[in-house]
Amino acid sequence: MELSTLKKRLKTARRGHKLLSDKQSEIVKRFITLIHENKRLRESVEKALTDALRQFILAKAMMSEAELETALMIPIQKVSVNTEFLNIMSVIVPKFSIERDTVYGETGGLNYGFATTSGDLDDAMMKLLSAFELLISLAEVEKTCQLLASEIEKTRRRVNALEYVMIPQLEETVRYIAMKLDENERSSRVRLMKVKDLVEKKR
């Protein structure tokens, strides 16, 4: 009974090892894809922020401090970030989306008049809007990468535990019990043969 139970456990452990190995391989593939996407987004964000800062510095040089503060005093829209969740190979990852309570007007999303402002400020604001959307996408990808990396590490530990500890131990135990049962069977057979010989001699 114990041998039968151990054989079932061994079969289950091997099947689990294969499933976890397949899961680990698939997660690693998706992780590598996301790493490349993360690199691309990060470079885009850095470029967008650098360009926006450069344009803002030019605008600040062309405008007085009071005009700049007045132009940027009142926001034209309220922006919120909504979070949904997706399941990637049993890993729950976030999906961010941007929601705006107003649409861009004729000014292209700018909340000031053009009479006293510089065109460089317009460029800076539009680049910042673009960088904001890229930042949200970057945050989503980076969080997904972090969660997948954690899951890869957990899965790797489980795969190693099955491959190098649990499965070898079960195999060794199964072999030992099978060997003992074979020995017992041979011993019983020898005893029966001796008993048979003794019975025949007595007759």
# chains A, B, ... in the order shown; residues from 1 in each chain; ligands from 1
>>> residues_around(residues="stretch 166-178 of chain A", least_positions_apart="2", cutoff="10 Å", atoms="only C-alpha atoms", output="list in words")
Glu2, Leu3, Ser4, Thr5, Leu6, Lys7, Arg9, Leu10, Lys11, Thr12, Ala13, Arg14, His17, Val159, Asn160, Ala161, Leu162, Glu163, Tyr164, Lys180, Leu181, Asp182, Glu183 and Asn184 of chain A
>>> closest_residue(among="A:Lys127, A:Lys23, A:Arg30, A:Lys39", to="A:Leu53", atoms="only C-alpha atoms")
A:Lys127
>>> atom_distance(atom1="atom CA of A:Val91", atom2="atom CA of A:Leu148")
7.0 Å
>>> closest_atom_pairs(of="stretch 2-87 of chain A", to="stretch 93-99 of chain A", cutoff="12 Å", atoms="only C-alpha atoms", output="tab-separated table")
residue	atom	partner	partner_atom	distance
A:Gln77	CA	A:Glu99	CA	10.2
A:Lys78	CA	A:Glu99	CA	8.4
A:Val79	CA	A:Glu99	CA	5.8
A:Ser80	CA	A:Glu99	CA	5.3
A:Val81	CA	A:Ile98	CA	4.7
A:Asn82	CA	A:Ser97	CA	5.2
A:Thr83	CA	A:Phe96	CA	4.7
A:Glu84	CA	A:Lys95	CA	4.9
A:Phe85	CA	A:Pro94	CA	4.5
A:Leu86	CA	A:Val93	CA	5.3
A:Asn87	CA	A:Val93	CA	6.3
>>> residues_around(residues="A:Ser90", least_positions_apart="6", cutoff="12 Å", atoms="only C-alpha atoms", output="number ranges by chain")
A: 20, 23-24, 26-27, 147-148, 151-152, 155
>>> select_by_dssp(residues="chain A", states="strand (DSSP E or B)", output="list in words")
Val79, Ser80, Val81, Asn82, Thr83, Glu84, Phe85, Leu86, Asn87, Ile88, Val91, Ile92, Val93, Pro94, Lys95, Phe96, Ser97, Ile98, Glu99 and Arg100 of chain A
>>> select_by_dssp(residues="stretch 79-203 of chain A", states="alpha helix (DSSP H)", output="JSON, numbers by chain")
{"A": [119, 120, 121, 122, 123, 124, 125, 126, 127, 128, 129, 130, 131, 132, 133, 134, 135, 136, 137, 138, 139, 140, 141, 142, 143, 144, 145, 146, 147, 148, 149, 150, 151, 152, 153, 154, 155, 156, 157, 158, 159, 160, 161, 167, 168, 169, 170, 171, 172, 173, 174, 175, 176, 177, 178, 179, 180, 181, 182, 183, 184, 185, 186, 187, 188, 189, 190, 191, 192, 193, 194, 195, 196, 197, 198, 199, 200, 201, 202]}
>>> closest_residue(among="A:Met179, A:Gln146, A:Glu153, A:Lys201", to="A:Ile35", atoms="only C-alpha atoms")
A:Gln146
